[in-house]
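Report on one structure; see the data block that follows.
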Amino acid sequence: MASTRTPAKHFAPLAIGAPEPFRTLPVNLERMIHFVPPHNDKIRAKIKDLAAQVDVVLGNLEDAVPLDQKENARKGFIQMLRDNDFGATGVWTRINCLNSPWVLDDVTEIVSNVGNKLDVVMLPKVEGPWDIHYLDQLLAQLEAKHGVKKPILIHAILETAEGVNNVEAIAAASPRMHGMSLGPADLAASRGMKTTRVGGGHPDYGVLADPGKDAAAARTFYQQDLWHYTIGKMVDACQAYGLKAFYGPFGDFSDLAACEAQFRNAFLQGCLGAWTLHPSQIDIAKRVFSPDPAEVKFAKRILDAMPDGTGAVMLDGKMQDDATWKQAKVIVDLAKIVASKDPERAALYGAL
């Protein structure tokens with residue numbers, strides 16, 4: 001028996017009157033998903049200014065919200081959306097996990113009150129496609145009931161061993177899928193990893209250089225990335241199904257250099273953005289997840305030299321062919337999206 005809908009039914013709405021699913025994801029700039037606690041009145045009062053600085057504002061209802069503030073966080077998020085015009089900035093929420101006592105009210109109250117202003121629901125601790133199927137059906141029913149005009153997308157967090165094991169099935173579960181984020185802290189606990197860090201490397205995880213002629217001489221230790229395998233697996237699943245991959249949180253706000261290194265590794269592996277939990281991380285995400293101007297300039301030269309993407313040319317002593325043309329197009333297309341919202345980087349990129 002097939003675990004997903006047949007092609008003929010794949011893009012059919014799951015409720016009478018619900019909006020049709022997107023055939024392809026909307027093109028949006030999402031270099032950073034900036035988390036805010038909606039139960040905090042002071043932060044909520046600054047949302048208008050914050051929205052102008054970031055690509056996505058996410059109202060967090062799950063972890064970091066005390067149990068006695070869960071309902072206030074939900075109400076605060078609804079009020080936040082009612083009080084503000086976010087323009088081109090994306091509006092997301094991270095709801096509580098599906099086995100929590102708050103999740104049903106999270107979804108029903110938010111969609112019924114502000115469903116037309118909500119772009120994406122981030123779902124924690126996704127274990128398999130069954131979790132997506134449940135939320136998919138529920139969202140369709142609520143969209144139909146409350147006259148929501150465009151489909152609300154689902155973004156899955158990979159933070160359990162079972163979820164990583166089922167990553168491809170999760171990606172294929174619904175046309176409502178937006179993408180996935182790595183959740184390193186919960187994933188570390190689920191796997192039994194021996195680290196208390198939220199993202200980033202670990203000083204004890206690495207490889208030792210081979211011994212030299214002097215066997216007693218100190219050998220260099222090279223720290224490695226704990227998350228390299230999981231990010232690669234997530235990116236492959238997302239790209240195979242036309243979804244977007246994101247690095248999740250980096251918890252050490254005092255180490256901006258390490259945050260930038262981790263974000264850059266994720267960017268080079270294919271992630272489009274990362275979570276920002278502190279204002280100091282916003283500029284890092286803008287810098288890292290925007291293409292380097294020199295890279296854009298060289299990529300543009302490749303596209304100009306091979307307008308139809310075929311054949312081969314030599315540029316600066318290096319051969320360029322259809323494969324490098326595709327790589328160049330990825331960079332230039334991303335630069336165009338960045339330039340459309342970021343005047344500072346648009347000036348650096350020049351004519352595209």
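Here's how to read the names in the structure tokens: chain A, B, ... by the order shown, residue numbers from 1 in each chain, ligand numbers from 1 in the order shown.
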Item checked: Nearby residues (only C-alpha atoms) at most 8 Å from region 202-213 of chain A, same-chain spacing under 5 positions excluded, as a list of chain:residue names -> A:Thr195, A:Arg197, A:Arg219, A:Thr220, A:Phe221, A:Tyr222, A:Gln223, A:Gln224, A:Asp225, A:Leu226
Would you mind listing, for every residue of region 93-161 of chain A within 7 Å of region 51-73 of chain A, the two atoms forming the shortest contact and the distance between them in Å to one decimal, using only C-alpha atoms, sorted by chain and ascending residue number, as a Markdown table?
| residue | atom | partner | partner_atom | distance |
| --- | --- | --- | --- | --- |
| A:Thr93 | CA | A:Gly59 | CA | 4.6 |
| A:Arg94 | CA | A:Asn60 | CA | 5.0 |
| A:Ile95 | CA | A:Leu61 | CA | 5.3 |
| A:Asn96 | CA | A:Glu62 | CA | 4.7 |
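The environment of Ile302 (chain A) within 12 Å, counting only C-alpha atoms and disregarding residues fewer than 5 places along the same chain, consists of Glu295, Val296, Lys297, Pro307, Asp308, Gly309, Thr310, Gly311, Ala312, Val313, Met314, Leu315, Asp316, Lys318, Met319, Gln320, Asp321, Asp322, Ala323, Thr324, Trp325, Lys326, Gln327, Ala328, Lys329, Val330, Ile331 and Val332 of chain A.
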Margin query: Please extract the residues of region 54-138 of chain A with a backbone DSSP assignment of alpha helix (DSSP H) and present them as a VMD selection string.
Written below: chain A and resid 70 to 83 103 to 114 129 to 138
Only N, CA and C atoms, please: the residues just picked out, written as a short mmCIF file (atom, residue, chain, number, x, y, z; two decimals), in the first residue's frame.
data_model
loop_
_atom_site.label_atom_id
_atom_site.label_comp_id
_atom_site.auth_asym_id
_atom_site.auth_seq_id
_atom_site.Cartn_x
_atom_site.Cartn_y
_atom_site.Cartn_z
N LYS A 70 2.28 29.36 28.36
CA LYS A 70 1.94 28.80 27.05
C LYS A 70 0.75 29.52 26.42
N GLU A 71 -0.30 29.72 27.19
CA GLU A 71 -1.49 30.38 26.65
C GLU A 71 -1.22 31.85 26.37
N ASN A 72 -0.45 32.51 27.23
CA ASN A 72 -0.10 33.91 26.98
C ASN A 72 0.75 34.06 25.72
N ALA A 73 1.63 33.09 25.47
CA ALA A 73 2.45 33.14 24.26
C ALA A 73 1.57 33.04 23.01
N ARG A 74 0.60 32.13 23.05
CA ARG A 74 -0.32 31.98 21.92
C ARG A 74 -1.14 33.26 21.69
N LYS A 75 -1.68 33.79 22.77
CA LYS A 75 -2.47 35.02 22.66
C LYS A 75 -1.59 36.18 22.20
N GLY A 76 -0.36 36.24 22.71
CA GLY A 76 0.56 37.29 22.31
C GLY A 76 0.91 37.21 20.83
N PHE A 77 1.07 36.01 20.32
CA PHE A 77 1.38 35.85 18.90
C PHE A 77 0.21 36.34 18.05
N ILE A 78 -0.99 35.97 18.41
CA ILE A 78 -2.17 36.42 17.67
C ILE A 78 -2.26 37.94 17.69
N GLN A 79 -2.02 38.53 18.85
CA GLN A 79 -2.06 40.00 18.95
C GLN A 79 -0.95 40.63 18.13
N MET A 80 0.21 40.01 18.12
CA MET A 80 1.35 40.51 17.35
C MET A 80 1.00 40.60 15.87
N LEU A 81 0.31 39.60 15.36
CA LEU A 81 -0.06 39.61 13.95
C LEU A 81 -1.16 40.62 13.67
N ARG A 82 -2.07 40.78 14.60
CA ARG A 82 -3.15 41.77 14.42
C ARG A 82 -2.61 43.20 14.42
N ASP A 83 -1.57 43.44 15.20
CA ASP A 83 -1.09 44.81 15.42
C ASP A 83 -0.09 45.28 14.37
N VAL A 103 -1.02 21.87 21.72
CA VAL A 103 -0.87 22.00 20.28
C VAL A 103 -2.20 22.21 19.56
N LEU A 104 -3.25 21.54 19.98
CA LEU A 104 -4.52 21.67 19.26
C LEU A 104 -5.04 23.10 19.34
N ASP A 105 -4.95 23.71 20.52
CA ASP A 105 -5.37 25.10 20.66
C ASP A 105 -4.43 26.03 19.90
N ASP A 106 -3.13 25.71 19.87
CA ASP A 106 -2.18 26.52 19.08
C ASP A 106 -2.68 26.65 17.65
N VAL A 107 -2.97 25.51 17.03
CA VAL A 107 -3.33 25.50 15.61
C VAL A 107 -4.71 26.11 15.39
N THR A 108 -5.69 25.67 16.15
CA THR A 108 -7.07 26.13 15.90
C THR A 108 -7.24 27.61 16.18
N GLU A 109 -6.67 28.11 17.27
CA GLU A 109 -6.86 29.52 17.61
C GLU A 109 -6.08 30.44 16.67
N ILE A 110 -4.87 30.06 16.31
CA ILE A 110 -4.07 30.91 15.42
C ILE A 110 -4.68 30.97 14.02
N VAL A 111 -5.05 29.82 13.47
CA VAL A 111 -5.62 29.83 12.11
C VAL A 111 -6.96 30.54 12.10
N SER A 112 -7.78 30.34 13.12
CA SER A 112 -9.10 30.97 13.13
C SER A 112 -9.02 32.49 13.28
N ASN A 113 -7.98 32.97 13.97
CA ASN A 113 -7.87 34.41 14.22
C ASN A 113 -7.00 35.16 13.21
N VAL A 114 -5.88 34.56 12.81
CA VAL A 114 -4.93 35.29 11.95
C VAL A 114 -4.38 34.41 10.84
N PRO A 129 6.29 10.74 8.35
CA PRO A 129 5.27 11.40 7.52
C PRO A 129 3.91 11.47 8.18
N TRP A 130 3.63 10.56 9.14
CA TRP A 130 2.33 10.55 9.81
C TRP A 130 2.09 11.85 10.58
N ASP A 131 3.15 12.44 11.11
CA ASP A 131 3.01 13.72 11.81
C ASP A 131 2.60 14.82 10.84
N ILE A 132 3.21 14.81 9.66
CA ILE A 132 2.88 15.81 8.64
C ILE A 132 1.45 15.61 8.14
N HIS A 133 1.05 14.35 7.93
CA HIS A 133 -0.30 14.06 7.43
C HIS A 133 -1.36 14.61 8.39
N TYR A 134 -1.13 14.43 9.68
CA TYR A 134 -2.10 14.92 10.67
C TYR A 134 -2.24 16.43 10.59
N LEU A 135 -1.11 17.14 10.64
CA LEU A 135 -1.16 18.60 10.62
C LEU A 135 -1.68 19.12 9.28
N ASP A 136 -1.33 18.45 8.21
CA ASP A 136 -1.79 18.80 6.87
C ASP A 136 -3.32 18.80 6.81
N GLN A 137 -3.92 17.71 7.27
CA GLN A 137 -5.38 17.59 7.25
C GLN A 137 -6.04 18.65 8.15
N LEU A 138 -5.49 18.82 9.34
CA LEU A 138 -6.06 19.79 10.28
C LEU A 138 -6.00 21.21 9.72
#
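A straight line drawn from CA of Met180 (chain A) to CA of Ile157 (chain A) is 5.5 Å long.
The nearest approach to Leu98 (chain A) among the residues A:Pro124, A:Pro38, A:Gly115, A:Pro291, with only C-alpha atoms taken into account, belongs to A:Pro124.
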Next item on the list: May I have the residues within 6 Å of Leu153 (chain A) as a ChimeraX atom specification, using only C-alpha atoms and disregarding those fewer than 6 positions away in the same chain?
Entry: /A:120,176-178
Emit the selected residues as a PDB file, in the first residue's frame, including N, CA and C atoms.
ATOM      1  N   VAL A 120       3.930  30.167   7.656  1.00  0.00           N
ATOM      2  CA  VAL A 120       4.507  28.837   7.918  1.00  0.00           C
ATOM      3  C   VAL A 120       4.274  28.446   9.376  1.00  0.00           C
ATOM      4  N   ARG A 176       2.332  20.673   1.120  1.00  0.00           N
ATOM      5  CA  ARG A 176       2.353  21.778   2.083  1.00  0.00           C
ATOM      6  C   ARG A 176       3.745  21.940   2.721  1.00  0.00           C
ATOM      7  N   MET A 177       4.647  20.999   2.480  1.00  0.00           N
ATOM      8  CA  MET A 177       5.979  21.062   3.093  1.00  0.00           C
ATOM      9  C   MET A 177       6.770  22.264   2.564  1.00  0.00           C
ATOM     10  N   HIS A 178       7.294  23.044   3.487  1.00  0.00           N
ATOM     11  CA  HIS A 178       8.140  24.182   3.143  1.00  0.00           C
ATOM     12  C   HIS A 178       9.615  23.782   3.182  1.00  0.00           C
TER      13      HIS A 178
END
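Using only C-alpha atoms, the residues found no farther than 6 Å from Ile170 (chain A), other than those of its own chain fewer than 2 positions away, are Gly128, Pro129, Val167, Glu168, Ala172 and Ala173 of chain A.
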Saved selection, atoms kept: C-alpha atoms, as a PDB file, in the first residue's frame:
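This went into selection-v8.pdb:
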ATOM      1  CA  GLY A 128       7.739  10.549  10.292  1.00  0.00           C
ATOM      2  CA  PRO A 129       5.273  11.404   7.524  1.00  0.00           C
ATOM      3  CA  VAL A 167      13.800  12.297   6.543  1.00  0.00           C
ATOM      4  CA  GLU A 168      13.004  11.403   2.924  1.00  0.00           C
ATOM      5  CA  ALA A 172       7.605  13.666   0.452  1.00  0.00           C
ATOM      6  CA  ALA A 173       4.659  13.733   2.866  1.00  0.00           C
TER       7      ALA A 173
END
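Take the candidates A:Met193, A:Ala245, A:Val126, A:Leu50 and check each one against Asn166 (chain A) using only C-alpha atoms; the shortest distance goes to A:Val126.
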Next item on the list: Return as a VMD selection string the full set of residues in region 49-283 of chain A whose backbone-based DSSP assignment is strand (DSSP E).
Entry: chain A and resid 56 to 60 90 to 94 120 to 123 153 to 158 177 to 182 206 to 208 221 to 223 244 to 247 273 to 276
For the residues in that selection, give me N, CA, C and O atoms as a compact mmCIF listing (two decimals), in the first residue's frame.
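This is the output file result.txt:
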# COMPACT_ATOMS: atom_id res chain seq x y z
N VAL A 56 12.52 36.68 8.32
CA VAL A 56 11.40 35.93 8.89
C VAL A 56 11.31 36.23 10.38
O VAL A 56 12.31 36.17 11.09
N VAL A 57 10.10 36.55 10.85
CA VAL A 57 9.82 36.65 12.29
C VAL A 57 9.03 35.41 12.70
O VAL A 57 8.00 35.10 12.09
N LEU A 58 9.53 34.71 13.71
CA LEU A 58 8.85 33.51 14.19
C LEU A 58 8.43 33.70 15.64
O LEU A 58 9.26 33.99 16.50
N GLY A 59 7.13 33.53 15.90
CA GLY A 59 6.62 33.54 17.25
C GLY A 59 6.77 32.15 17.85
O GLY A 59 6.14 31.20 17.38
N ASN A 60 7.61 32.04 18.88
CA ASN A 60 7.93 30.73 19.46
C ASN A 60 6.95 30.39 20.58
O ASN A 60 6.84 31.13 21.57
N GLY A 90 8.55 37.37 6.27
CA GLY A 90 7.77 36.17 6.53
C GLY A 90 7.30 36.10 7.97
O GLY A 90 7.97 36.59 8.89
N VAL A 91 6.13 35.51 8.18
CA VAL A 91 5.55 35.36 9.51
C VAL A 91 5.34 33.87 9.79
O VAL A 91 4.55 33.21 9.10
N TRP A 92 6.06 33.35 10.77
CA TRP A 92 5.99 31.94 11.12
C TRP A 92 5.64 31.80 12.60
O TRP A 92 5.75 32.75 13.38
N THR A 93 5.23 30.60 12.99
CA THR A 93 5.15 30.25 14.40
C THR A 93 5.67 28.83 14.60
O THR A 93 5.49 27.98 13.73
N ARG A 94 6.34 28.62 15.73
CA ARG A 94 6.69 27.26 16.13
C ARG A 94 5.67 26.83 17.19
O ARG A 94 5.66 27.37 18.30
N VAL A 120 3.93 30.17 7.66
CA VAL A 120 4.51 28.84 7.92
C VAL A 120 4.27 28.45 9.38
O VAL A 120 4.43 29.27 10.29
N VAL A 121 3.91 27.18 9.57
CA VAL A 121 3.89 26.56 10.91
C VAL A 121 5.11 25.66 11.02
O VAL A 121 5.29 24.75 10.20
N MET A 122 5.95 25.93 12.02
CA MET A 122 7.10 25.07 12.28
C MET A 122 6.68 24.00 13.28
O MET A 122 6.19 24.31 14.37
N LEU A 123 6.86 22.74 12.89
CA LEU A 123 6.42 21.62 13.72
C LEU A 123 7.63 20.94 14.37
O LEU A 123 8.49 20.41 13.67
N LEU A 153 2.04 26.78 5.10
CA LEU A 153 3.04 25.74 4.87
C LEU A 153 3.51 25.13 6.19
O LEU A 153 3.31 25.69 7.27
N ILE A 154 4.14 23.96 6.09
CA ILE A 154 4.66 23.25 7.25
C ILE A 154 6.18 23.14 7.12
O ILE A 154 6.71 22.75 6.08
N HIS A 155 6.87 23.49 8.20
CA HIS A 155 8.32 23.36 8.28
C HIS A 155 8.64 22.39 9.41
O HIS A 155 8.22 22.59 10.56
N ALA A 156 9.34 21.31 9.10
CA ALA A 156 9.62 20.26 10.08
C ALA A 156 10.98 20.47 10.74
O ALA A 156 11.95 20.85 10.07
N ILE A 157 11.04 20.20 12.04
CA ILE A 157 12.33 20.22 12.73
C ILE A 157 12.80 18.78 12.90
O ILE A 157 12.07 17.94 13.42
N LEU A 158 14.02 18.51 12.45
CA LEU A 158 14.64 17.20 12.63
C LEU A 158 15.39 17.22 13.95
O LEU A 158 16.48 17.80 14.06
N MET A 177 4.65 21.00 2.48
CA MET A 177 5.98 21.06 3.09
C MET A 177 6.77 22.26 2.56
O MET A 177 6.90 22.45 1.35
N HIS A 178 7.29 23.04 3.49
CA HIS A 178 8.14 24.18 3.14
C HIS A 178 9.62 23.78 3.18
O HIS A 178 10.39 24.09 2.29
N GLY A 179 10.01 23.08 4.25
CA GLY A 179 11.41 22.70 4.40
C GLY A 179 11.65 22.07 5.75
O GLY A 179 10.71 21.64 6.44
N MET A 180 12.92 22.04 6.16
CA MET A 180 13.31 21.40 7.42
C MET A 180 14.45 22.18 8.05
O MET A 180 15.26 22.80 7.36
N SER A 181 14.51 22.09 9.37
CA SER A 181 15.62 22.65 10.14
C SER A 181 16.24 21.58 11.01
O SER A 181 15.54 20.68 11.51
N LEU A 182 17.54 21.69 11.21
CA LEU A 182 18.24 20.82 12.14
C LEU A 182 18.00 21.32 13.56
O LEU A 182 18.18 22.50 13.85
N GLY A 206 37.09 14.96 16.88
CA GLY A 206 38.01 15.34 15.82
C GLY A 206 38.89 14.17 15.41
O GLY A 206 38.66 13.03 15.79
N VAL A 207 39.88 14.48 14.60
CA VAL A 207 40.83 13.46 14.14
C VAL A 207 42.24 13.92 14.49
O VAL A 207 42.52 15.12 14.55
N LEU A 208 43.10 12.95 14.69
CA LEU A 208 44.48 13.21 15.07
C LEU A 208 45.39 13.02 13.87
O LEU A 208 45.26 12.04 13.14
N PHE A 221 45.63 18.04 16.45
CA PHE A 221 44.25 17.55 16.55
C PHE A 221 43.34 18.50 15.77
O PHE A 221 43.39 19.71 15.97
N TYR A 222 42.52 17.96 14.87
CA TYR A 222 41.63 18.77 14.04
C TYR A 222 40.18 18.55 14.47
O TYR A 222 39.64 17.45 14.31
N GLN A 223 39.59 19.59 15.04
CA GLN A 223 38.20 19.48 15.48
C GLN A 223 37.28 19.31 14.27
O GLN A 223 37.46 19.98 13.24
N LYS A 244 13.28 23.52 1.29
CA LYS A 244 14.38 24.37 1.75
C LYS A 244 14.96 23.82 3.05
O LYS A 244 14.23 23.47 3.98
N ALA A 245 16.28 23.75 3.11
CA ALA A 245 16.98 23.24 4.29
C ALA A 245 17.58 24.39 5.09
O ALA A 245 18.10 25.35 4.51
N PHE A 246 17.52 24.28 6.42
CA PHE A 246 18.01 25.34 7.31
C PHE A 246 18.83 24.75 8.44
O PHE A 246 18.49 23.69 8.98
N TYR A 247 19.88 25.47 8.83
CA TYR A 247 20.54 25.15 10.09
C TYR A 247 19.67 25.72 11.20
O TYR A 247 19.02 26.75 11.03
N GLY A 273 19.42 29.17 5.12
CA GLY A 273 19.37 30.09 6.24
C GLY A 273 19.57 29.35 7.54
O GLY A 273 19.89 28.15 7.56
N ALA A 274 19.39 30.08 8.66
CA ALA A 274 19.55 29.50 9.99
C ALA A 274 18.63 30.23 10.94
O ALA A 274 18.09 31.29 10.62
N TRP A 275 18.48 29.68 12.13
CA TRP A 275 17.72 30.37 13.17
C TRP A 275 18.61 31.43 13.81
O TRP A 275 19.81 31.23 13.99
N THR A 276 18.02 32.56 14.16
CA THR A 276 18.72 33.55 14.98
C THR A 276 17.93 33.71 16.27
O THR A 276 16.75 34.04 16.24
Note to self: Just checking: using only C-alpha atoms, which residue out of A:Leu139, A:Ala15, A:Val198, A:Ile337 ends up closest to Phe289 (chain A)?
What the structure shows: A:Ile337
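You will find CA of Ala171 (chain A) at 10.0 Å from CA of Asp236 (chain A).
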Next item on the list: Point out the residue among A:Pro184, A:Gly200, A:Gly147, A:Gly251 with the least atom-to-atom distance to Gly17 (chain A), counting only C-alpha atoms.
Entry: A:Gly147
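In this model, the gap between CA of Val164 (chain A) and CA of Ser100 (chain A) comes to 20.9 Å.
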